[in-house]
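Worksheet: the structure to be examined is printed underneath.
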2 protein chains.
Amino acid sequence: SEYIAPCDCRREFICGFNGSAGTAIVTEQHAAMWTDGRYFLQASQQMDNNWTLMKMGLKETPSQEDWLISILPENSKVGVDPWIIAADQWKNMSKALISAGHSLVAVQDNLIDAVWTDRPERPSTQLRTLGLEYTGMSWQDKIVTLRAKMTERKISWFVATALDEIAWLFNLRGADIEYNPVFFAYTIVGMNTIRLFVDLKRLADPALRDHLQLDSPSKPELSIQTFPYESVYTELQAICAALGPKDKVWICDKASCALTQVIPKAHRTPIPYTPLCLSKAVKNATEVQGMKMAHIKDAVALCELFAWLEKEIPKGNVTEISAADKAEELRSQQKDFVGLSFPTISSVGPNGAIIHYRPLPETNRTLTMNEVYLIDSGAQYVDGTTDVTRTMHFGTPSAFEKECFTYVLKGHIAVSAAIFPNGTKGHLLDSFARAALWESGLDYLHGTGHGVGCFLNVHEGPCGISYKTFADEPLEAGMIVSDEPGYYEDGSFGIRLENVVLVVPAKPKYNYRNRGSLTFDPLTLVPIQIKMMNTELLTQKERDWVNEYHRKCREVVGAELERQGRKEALEWLIRETQPIV
Amino acid sequence: SEYIAPCDCRREFICGFNGSAGTAIVTEQHAAMWTDGRYFLQASQQMDNNWTLMKMGLKETPSQEDWLISILPENSKVGVDPWIIAADQWKNMSKALISAGHSLVAVQDNLIDAVWTDRPERPSTQLRTLGLEYTGMSWQDKIVTLRAKMTERKISWFVATALDEIAWLFNLRGADIEYNPVFFAYTIVGMNTIRLFVDLKRLADPALRDHLQLDSPSKPELSIQTFPYESVYTELQAICAALGPKDKVWICDKASCALTQVIPKAHRTPIPYTPLCLSKAVKNATEVQGMKMAHIKDAVALCELFAWLEKEIPKGNVTEISAADKAEELRSQQKDFVGLSFPTISSVGPNGAIIHYRPLPETNRTLTMNEVYLIDSGAQYVDGTTDVTRTMHFGTPSAFEKECFTYVLKGHIAVSAAIFPNGTKGHLLDSFARAALWESGLDYLHGTGHGVGCFLNVHEGPCGISYKTFADEPLEAGMIVSDEPGYYEDGSFGIRLENVVLVVPAKPKYNYRNRGSLTFDPLTLVPIQIKMMNTELLTQKERDWVNEYHRKCREVVGAELERQGRKEALEWLIRETQPIV
C-alpha cells in the first residue's frame, strides 16, 4: 500500500523520512535511502548525516542492487522481511545479487521490530457497507464477473492481496489506513468458494453480516467463509496442497514474496494487474455520477477557501497549516464527507518547490501577497474521491512566475483536450504535458497523472500518464485519472495544476479503421487563476478551452453554491471565471 | 539482418511474401505468417490461400506462441533452426511452449534447405576500405574504445555478430547484401586479441591487408587473426573452454541462439545493444559532414526527378517503375554513388496505401495528373546514406488529400521542431507526430522514425521514434534518425513525409537543472509540395518552419544545382520553395 498504518512505518522509524515512497538499506558500514524526485528535498531535510540519500531517476544514482554489489564484501547475505517485499522485486534483487556472488535471504523476524519497542498495534476499524446506489454493482455480481475471467484464462484460484481491491470487491470500506478507506484483509476466491481473512471481531455487526450474507448465503458458491487475518498463510498452504496437476493460481506480482512463495511455482500464475484492478479502474455509470457529485461538493469547499483566503491573507494571520485546516473544515461541511484523501500539500513560496511538501510547525510559512501559494488537496466522500491542485498569487505575480504557470497550463490543456485512439496507453500522452515547458528548457521530475479510485485510494492503477512506461494499461472510457503537470523552481516557488479527468468517447471528424477515439472530461471544476496567466502566450484554442472550462465551473458549481447559500464564494467564483480575451 | 542475401530468403521461398519483416510457421495442419502493419496488404497479395496472414499489432491477432499453443496437439515439439532465431526470441518462445506442455527444439538441418534445391551460394563480394576522411576514427582507435568499455564493465570477451557493427568497427564495407554495404563476418575481441571470421579469399587484396595491418601489426594487441567464416562456432568453443572463473563474455541478445549457447551461462552477459551499436549511432564530425554532403547530392537528384516528372507525366508515359528507375539513374550521376539504400517505394494512388510497396510489373501503375504520387527512396554514397519520402500531386489534389497531407506535415514539423531535454528517449516524441491526425480521428500504423547509418544500414538501432518502447536508447547529439509520419487511405492514396534529421543541441531560454536540451536539424533538403498543403490549417509557427526549411533547401541545394549546371531542376527548386503566407 502507498499509505500504511503506523505499525508498518518501519522506514520512517529507522531513518526519519516519512514520504510515501522510499526504501532504506542498512549494512554494517552504510545506510542509504532511495526515493524519487518528489521527495529529494524533503528526504534530505528529514534524514541526518548517517544516511545517504539516493536520488532515483538521476543518471549518477546507482540502483539498490548495483549499490549493494559495489559496497558489499564478497559472498554477502542481504536480508529482507519477505512480508514487505513484493515478489517481483525479490526476484529482480535476488537475481542481481546472486550474479554478483551474494544472496538475498528472507529474515523471518523483522529486524526493525526487534528494536522498535513502542510499535503500535495493527488497526481494526469499523467496516462500512456500500449499497448499489453508490457501487452500481453488487459484490455477488463482481464475484461472478471475476469467476468468468478465471474460467476464460483457465485459472482455479485467485488470491487478492491489494486492500483496495478487496474493499472494492465486497463493497466495503474501512478506516485502518489514513486517507485510504480500506481495511486489513486477504481474499482467496475459488470457483465455488470465497474465503475472507479479516480480524473476526469486525464481523459482529448484523448489517455487515447481512451485506455479506454470512448467515444465509443466496447460493452455496456465493457463501463467504471467514478466517482470522493471520491464517491466510496456512489456509493458502492447505489449498495449494490439494491442487490438481492443471490447477493454476492467480496472484499479483506485487503481492508479498512470503505469500507468493506459498504457491508452488508450477501452479503460480503471477500477473502484473489482477482482474479486480482492471475492473475497478473502469467506473460504471453509478460511480461516475458519484465522482461528479463529489467533485462539485469539493469545488464548493475550495471556492469558499479561496474567497476566504483572499480576505484573510492581507491580515497576515493565515499560515500553510491554518489554510490546510480551513480547507478540511470547509470540506467537512459537505454531505457524505469522510476524511481527506491524502495529506494536504499547502505550501508558500520556496516550500512549493518541495513537490510533496506537507506543512509542519517547523516549516510553516505565512501566506502573503508576495509569494505563490500552491494547494494540492482532496477528500473522501461516500460517493467519490477528489484530488485537486491550484496555484494562486494573492498579490502581483512576477513575469517569470506567470510565464512558468502559463507553460504548465498549456501542458495541462494539451493533455485534457487531447483526442487519441481507443487503446492508447497513458504514457503516449505524457509528452503533451511537457512540450511547452521543454520548448523553454524547463521540465518537471514527476509523472503527469495517476488513476483515481471511487471512494477508494486516490492513487490507483493500472492506468496513468507518465514518461515511465511500466504499469500502464490502455486508457478506456470510464477510467479516471489526474492531469497534473507542474514546474518547480528550487528555493523559490512551485506550480502545479491538477484536475481529475474522466476518459470519455470523442467524436472527431473521421474514424480510422473504426477504432474510435477518446478524450478527457474534467471532473474537477475549480477556477484556474487568470491572474497567474500570461494570456499572450496562449493560443486562441487554449483561451477557448479556459473560457469553456470556467463557464462550466460557473454553471455547475455556481448552482450548488447558490443552493447552499454560500454567497461570498459564489461572488468569488463569478469574478474568477470571467472570460479572457 | 533486415535485408538478407538470396541464400537466406527461406521465408520468401516457402510462402511467397518478400517483405522485410515476417515469420512463417508451418505445422502438419496449418501454415501461418506474421507481419506488421506496413505489409498487411502486400502479404495478403503475395501469399496464396494455403497461408493464414497474422496481422501483428491488431488486438485479435494471436502471438506466435499463443497460436501454436491453441492449435498444437499435447506434447508437441516445435522445431527451429538455431542459427536464424535470436537468443532472446528463443528464450521467450521456449518458455511459453514449455509452460503449455510443449517444447522448442533446435533442428540442425534446416528443413527449408532440404527442399530448396536451387538455393543460391552465400555471396563473397570485394571489400572496400574507408580512410579517416570518411570515418573520422581509425579501426585501431575503435578497438581501444571498445576495450575501455569492456574494462569498465569487467568483460573479457566481446562477440560481434551484427554485420553493420563489424563493418563499422573495421572501417570496411562490402556488397554481400543488397542495399546494406556489409559483408558476412563475425568478430571476437579479447583484451589482447582480435579474431575476424570471414571468407579468407577476400583478404588477398594488398590494400586491404595494409588497411587491416594483417602483415605488420603496429602493436601485438592490435594484430588481427583471421579465420574462415564457418569456424566461429569452434573457435568460440575453444575460447570458452579456456575461460577463467570470473571471465565474462558480451554478446548481443539478438545474436543467433546457436552461437549464444556456445557461451556457458555463467560466463554469458547478454546485452540488448552492444557498445559498437551505441558508438556507431553517435556520428562524429567527419561522419556528420559526410551525411550532409550525401543529402545535398541526393536532393540534387530528387529535384531533377521532380522537374522531369512534372514535364513527363502529362505525356502519360511514366510508370511507378520508370519513375523509380529515373530516380536511380539521377542519383547514380552523383559523386561517390554506390547503390540504393533500400528498394524504392514508388507508388501511385491506391498503391500508396501499401505502406512498404515495391512496384512490380503486375502492379505497376502510370503516374497521372489525377492521383497522389508517393516516392520513398534513398541511396548509399561513400560519404553517407540517405532516405527521403515525398508525396506529390501533379494535377489538383482533392480537399481530403490536402487535409490529410497537412495533418501529416503538422506531425512532421512537431517532431522536427521539438525541443526536449537531453536524455529523452525517442518514444516520448512519437505522439507529437500523431497529435494532429488523432485530433481528426486519423492515425498511421507504423513508427515515426528509425536510426540511419553513415554509409551503412538505412535502418539501425538503438534509437528511434516509435510508440513501441523497446529498443530505445536516449537520443543524444550526433545521432541521426528519420522523421516520417504518414496517413494511408486503403484503396485510395498514401501520404508520407520523411526527412533524415540530426540530433543537435538546442539553446532554449532556460536550462532546467543544467540538463541541456536537444532538437533536430534536417539533413534532407528537398522541397515539400506546397500544392498539397491546406495552409489555413497551419499555425503561423508551422508556416514559418516551412518557409525557413524551403529557404535552406533553396540556398544549399540551389548552390549545388548551379555548380552542377542543372538549370531545369534549379528553376523547379526556386519555384517550389516560394514562401507561403
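FYI, nothing fancy with the C-alpha cells labels: chains A, B, ... in order, residues from 1 per chain, ligands from 1 as they appear.
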May I have a table of the residues of segment 170-257 of chain B lying at most 10 Å from segment 122-130 of chain B, giving each one's closest pair of atoms and their distance in Å to one decimal, counting only C-alpha atoms, ordered by chain and ascending residue number, as a tab-separated table?
```
residue	atom	partner	partner_atom	distance
B:Phe170	CA	B:Thr129	CA	8.5
B:Asn171	CA	B:Leu130	CA	5.3
B:Leu172	CA	B:Thr129	CA	4.7
B:Arg173	CA	B:Arg128	CA	5.0
B:Gly174	CA	B:Leu127	CA	4.7
B:Ala175	CA	B:Thr125	CA	5.7
B:Asp176	CA	B:Pro123	CA	5.3
B:Ile177	CA	B:Pro123	CA	7.9
B:Pro181	CA	B:Arg128	CA	9.4
B:Val182	CA	B:Leu127	CA	8.7
B:Phe183	CA	B:Ser124	CA	7.3
B:Phe184	CA	B:Ser124	CA	7.5
B:Val198	CA	B:Ser124	CA	9.0
B:Asp199	CA	B:Ser124	CA	7.0
B:Leu200	CA	B:Ser124	CA	9.8
B:Lys201	CA	B:Ser124	CA	8.5
B:Arg202	CA	B:Gln126	CA	6.5
B:Leu203	CA	B:Leu127	CA	8.4
B:Asp205	CA	B:Leu127	CA	8.8
B:Ala207	CA	B:Thr129	CA	8.0
B:Leu208	CA	B:Thr129	CA	6.5
B:Arg209	CA	B:Thr129	CA	9.9
B:Asp210	CA	B:Thr129	CA	9.9
B:His211	CA	B:Thr129	CA	6.9
B:Leu212	CA	B:Thr129	CA	9.0
```
Exercise. Name all residues at most 10 Å from Ala477 of chain A (count only C-alpha atoms; drop same-chain ones fewer than 3 positions away) and give them as a ChimeraX atom specification.
Key: /A:282-284,422-423,480,502-506,517-520
task = Provide as JSON, numbers by chain the residues of chain A at most 8 Å from chain B, counting only C-alpha atoms.
result = {"A": [418, 419, 420, 421, 428, 429, 430, 431, 432, 435, 438, 439, 440, 441, 442, 443, 467, 469, 507, 508, 509, 510, 511, 512, 516, 517]}
* Using only C-alpha atoms, determine which residues lie at most 9 Å from segment 338-355 of chain A, disregarding the query and same-chain residues fewer than 3 positions distant; provide the list as a count of residues only. => 60
List as a PyMOL selection string the protein and nucleic acid residues near segment 8-16 of chain A, meaning an atom at most 9 Å away when only C-alpha atoms are counted, but skip any in the same chain fewer than 4 places from it.
chain A and resi 4+22-24+31+33+43+46-48+50-51+112-113+116+119-120+122
### Task
Would you list, as a ChimeraX atom specification, the residues of segment 53-140 of chain A that end up in strand (DSSP E or B) under DSSP run on this structure's backbone?
/A:53-55,77-80,86,103-106,128-129
With N, CA, C and O atoms retained, export the selected residues as a compact mmCIF listing (two decimals), in the first residue's frame.
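Output saved as part.txt:
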```
# COMPACT_ATOMS: atom_id res chain seq x y z
N LEU A 53 21.35 9.90 0.85
CA LEU A 53 20.13 9.98 0.04
C LEU A 53 20.43 9.54 -1.38
O LEU A 53 21.34 10.06 -2.02
N MET A 54 19.69 8.58 -1.87
CA MET A 54 19.87 8.07 -3.22
C MET A 54 18.74 8.63 -4.09
O MET A 54 17.58 8.24 -3.93
N LYS A 55 19.10 9.55 -4.97
CA LYS A 55 18.10 10.24 -5.78
C LYS A 55 17.76 9.43 -7.02
O LYS A 55 18.48 9.47 -8.02
N LYS A 77 25.37 -11.81 2.55
CA LYS A 77 23.94 -12.11 2.58
C LYS A 77 23.17 -10.82 2.83
O LYS A 77 23.50 -10.08 3.76
N VAL A 78 22.15 -10.56 2.02
CA VAL A 78 21.31 -9.39 2.23
C VAL A 78 19.96 -9.89 2.73
O VAL A 78 19.33 -10.74 2.09
N GLY A 79 19.55 -9.40 3.90
CA GLY A 79 18.30 -9.88 4.49
C GLY A 79 17.14 -8.96 4.20
O GLY A 79 17.31 -7.74 4.04
N VAL A 80 15.95 -9.55 4.08
CA VAL A 80 14.75 -8.74 3.87
C VAL A 80 13.56 -9.50 4.48
O VAL A 80 13.54 -10.73 4.48
N ALA A 86 7.76 -7.10 -2.45
CA ALA A 86 6.92 -7.71 -3.47
C ALA A 86 7.69 -8.83 -4.17
O ALA A 86 8.91 -8.80 -4.26
N SER A 103 23.80 -13.19 -1.86
CA SER A 103 22.47 -13.81 -1.86
C SER A 103 21.48 -12.96 -1.08
O SER A 103 21.86 -12.16 -0.23
N LEU A 104 20.21 -13.13 -1.43
CA LEU A 104 19.13 -12.44 -0.74
C LEU A 104 18.45 -13.48 0.14
O LEU A 104 18.07 -14.55 -0.36
N VAL A 105 18.31 -13.19 1.41
CA VAL A 105 17.70 -14.18 2.31
C VAL A 105 16.48 -13.59 3.02
O VAL A 105 16.46 -12.40 3.35
N ALA A 106 15.47 -14.42 3.22
CA ALA A 106 14.26 -14.00 3.93
C ALA A 106 14.53 -14.04 5.42
O ALA A 106 14.96 -15.07 5.96
N ARG A 128 -17.72 -0.27 6.83
CA ARG A 128 -18.89 0.43 6.30
C ARG A 128 -19.36 -0.32 5.06
O ARG A 128 -18.55 -0.66 4.20
N THR A 129 -20.67 -0.60 4.97
CA THR A 129 -21.18 -1.27 3.77
C THR A 129 -21.68 -0.22 2.78
O THR A 129 -22.19 0.83 3.18
```
Segment 564-570 of chain B surroundings by only C-alpha atoms, 12 Å radius, close-in-sequence under 5 positions cut, as number ranges by chain: B: 296-297, 299-311, 330, 333-335, 526-527, 553-559, 575-577
| query | Hey, what does DSSP flag as alpha helix (DSSP H) within segment 298-404 of chain A? Can you give it to me as a PyMOL selection string? | reply | chain A and resi 298-312+320-332+399-404
Could you write those residues out with C-alpha atoms, as a PDB file, in the first residue's frame?
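And here is the file that came out, selection.pdb:
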```pdb
ATOM      1  CA  ASP A 298     -15.282  19.635  -3.323  1.00  0.00           C
ATOM      2  CA  ALA A 299     -15.337  22.654  -5.638  1.00  0.00           C
ATOM      3  CA  VAL A 300     -17.818  24.391  -3.320  1.00  0.00           C
ATOM      4  CA  ALA A 301     -15.393  23.952  -0.426  1.00  0.00           C
ATOM      5  CA  LEU A 302     -12.434  25.207  -2.447  1.00  0.00           C
ATOM      6  CA  CYS A 303     -14.266  28.259  -3.802  1.00  0.00           C
ATOM      7  CA  GLU A 304     -15.102  29.119  -0.211  1.00  0.00           C
ATOM      8  CA  LEU A 305     -11.490  28.568   0.817  1.00  0.00           C
ATOM      9  CA  PHE A 306     -10.111  30.844  -1.892  1.00  0.00           C
ATOM     10  CA  ALA A 307     -12.680  33.584  -1.189  1.00  0.00           C
ATOM     11  CA  TRP A 308     -11.750  33.348   2.488  1.00  0.00           C
ATOM     12  CA  LEU A 309      -8.003  33.409   1.754  1.00  0.00           C
ATOM     13  CA  GLU A 310      -8.393  36.500  -0.396  1.00  0.00           C
ATOM     14  CA  LYS A 311      -9.979  38.259   2.545  1.00  0.00           C
ATOM     15  CA  GLU A 312      -7.745  36.916   5.306  1.00  0.00           C
ATOM     16  CA  GLU A 320       0.188  26.925   5.423  1.00  0.00           C
ATOM     17  CA  ILE A 321      -1.209  24.836   8.262  1.00  0.00           C
ATOM     18  CA  SER A 322      -4.185  27.047   9.056  1.00  0.00           C
ATOM     19  CA  ALA A 323      -5.076  27.249   5.345  1.00  0.00           C
ATOM     20  CA  ALA A 324      -4.966  23.454   5.110  1.00  0.00           C
ATOM     21  CA  ASP A 325      -7.101  23.196   8.259  1.00  0.00           C
ATOM     22  CA  LYS A 326      -9.596  25.660   6.824  1.00  0.00           C
ATOM     23  CA  ALA A 327      -9.808  23.598   3.624  1.00  0.00           C
ATOM     24  CA  GLU A 328     -10.533  20.499   5.677  1.00  0.00           C
ATOM     25  CA  GLU A 329     -13.122  22.312   7.782  1.00  0.00           C
ATOM     26  CA  LEU A 330     -14.942  23.563   4.669  1.00  0.00           C
ATOM     27  CA  ARG A 331     -14.861  20.152   3.039  1.00  0.00           C
ATOM     28  CA  SER A 332     -16.150  18.525   6.200  1.00  0.00           C
ATOM     29  CA  ALA A 399       6.662  37.816 -15.003  1.00  0.00           C
ATOM     30  CA  PHE A 400       8.680  34.601 -14.565  1.00  0.00           C
ATOM     31  CA  GLU A 401       6.085  33.071 -12.241  1.00  0.00           C
ATOM     32  CA  LYS A 402       3.376  33.885 -14.798  1.00  0.00           C
ATOM     33  CA  GLU A 403       5.477  32.539 -17.653  1.00  0.00           C
ATOM     34  CA  CYS A 404       6.044  29.212 -15.874  1.00  0.00           C
TER      35      CYS A 404
END
```
inquiry  = Just want the 8 Å neighbourhood of Leu214 of chain A, counted on only C-alpha atoms, with same-chain residues fewer than 6 positions away dropped. Output as a ChimeraX atom specification.
reply    = /A:223-225
Residues from the last selection, N, CA, C and O atoms, saved as a compact mmCIF listing (two decimals), in the first residue's frame:
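Printed below is result-v5.txt as written:
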```
# COMPACT_ATOMS: atom_id res chain seq x y z
N SER A 223 -21.29 -18.20 -0.91
CA SER A 223 -21.14 -18.20 0.55
C SER A 223 -19.70 -17.82 0.91
O SER A 223 -18.75 -18.38 0.37
N ILE A 224 -19.58 -16.84 1.82
CA ILE A 224 -18.25 -16.38 2.23
C ILE A 224 -17.83 -17.09 3.49
O ILE A 224 -18.52 -17.01 4.52
N GLN A 225 -16.70 -17.80 3.44
CA GLN A 225 -16.12 -18.38 4.66
C GLN A 225 -15.17 -17.35 5.25
O GLN A 225 -14.32 -16.81 4.53
```
### Message
Give me the residues near Met56 of chain A as a PyMOL selection string, where near means some atom within 8 Å (using only C-alpha atoms) and where sequence neighbours in that chain fewer than 4 positions away do not count.
### Response
chain A and resi 34-37+61+63
Taking all heavy atoms for each residue, export the selection above as an mmCIF file, in the first residue's frame.
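Output file result.cif follows:
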```
data_model
loop_
_atom_site.group_PDB
_atom_site.id
_atom_site.type_symbol
_atom_site.label_atom_id
_atom_site.label_comp_id
_atom_site.auth_asym_id
_atom_site.auth_seq_id
_atom_site.Cartn_x
_atom_site.Cartn_y
_atom_site.Cartn_z
ATOM 1 N N TRP A 34 16.610 5.272 -0.816
ATOM 2 C CA TRP A 34 16.254 5.622 -2.185
ATOM 3 C C TRP A 34 14.855 6.246 -2.226
ATOM 4 O O TRP A 34 13.911 5.679 -1.664
ATOM 5 C CB TRP A 34 16.210 4.361 -3.068
ATOM 6 C CG TRP A 34 17.544 3.885 -3.527
ATOM 7 C CD1 TRP A 34 18.074 3.982 -4.787
ATOM 8 C CD2 TRP A 34 18.537 3.193 -2.751
ATOM 9 N NE1 TRP A 34 19.325 3.421 -4.825
ATOM 10 C CE2 TRP A 34 19.637 2.930 -3.588
ATOM 11 C CE3 TRP A 34 18.621 2.801 -1.411
ATOM 12 C CZ2 TRP A 34 20.785 2.276 -3.152
ATOM 13 C CZ3 TRP A 34 19.774 2.149 -0.972
ATOM 14 C CH2 TRP A 34 20.833 1.897 -1.842
ATOM 15 N N THR A 35 14.730 7.380 -2.866
ATOM 16 C CA THR A 35 13.398 7.919 -3.115
ATOM 17 C C THR A 35 13.412 8.688 -4.438
ATOM 18 O O THR A 35 14.463 8.869 -5.044
ATOM 19 C CB THR A 35 12.898 8.786 -1.937
ATOM 20 O OG1 THR A 35 11.500 9.074 -2.135
ATOM 21 C CG2 THR A 35 13.652 10.103 -1.833
ATOM 22 N N ASP A 36 12.216 9.120 -4.886
ATOM 23 C CA ASP A 36 12.142 9.729 -6.214
ATOM 24 C C ASP A 36 12.071 11.252 -6.137
ATOM 25 O O ASP A 36 12.027 11.843 -5.055
ATOM 26 C CB ASP A 36 10.954 9.151 -6.988
ATOM 27 C CG ASP A 36 9.652 9.435 -6.297
ATOM 28 O OD1 ASP A 36 9.306 10.615 -6.143
ATOM 29 O OD2 ASP A 36 8.971 8.474 -5.892
ATOM 30 N N GLY A 37 12.057 11.881 -7.320
ATOM 31 C CA GLY A 37 12.170 13.332 -7.465
ATOM 32 C C GLY A 37 11.215 14.149 -6.608
ATOM 33 O O GLY A 37 11.538 15.262 -6.201
ATOM 34 N N THR A 61 22.870 8.048 -9.967
ATOM 35 C CA THR A 61 22.398 7.293 -8.798
ATOM 36 C C THR A 61 22.378 5.798 -9.097
ATOM 37 O O THR A 61 21.731 5.371 -10.049
ATOM 38 C CB THR A 61 20.979 7.747 -8.407
ATOM 39 O OG1 THR A 61 20.999 9.157 -8.206
ATOM 40 C CG2 THR A 61 20.499 7.045 -7.159
ATOM 41 N N SER A 63 21.342 1.849 -8.753
ATOM 42 C CA SER A 63 20.175 1.105 -8.279
ATOM 43 C C SER A 63 20.544 0.466 -6.946
ATOM 44 O O SER A 63 21.722 0.391 -6.584
ATOM 45 C CB SER A 63 19.788 0.036 -9.296
ATOM 46 O OG SER A 63 20.795 -0.962 -9.342
#
```
Taken to one decimal, the atom CA of His550 of chain A-atom CA of Val408 of chain A distance is 17.3 Å
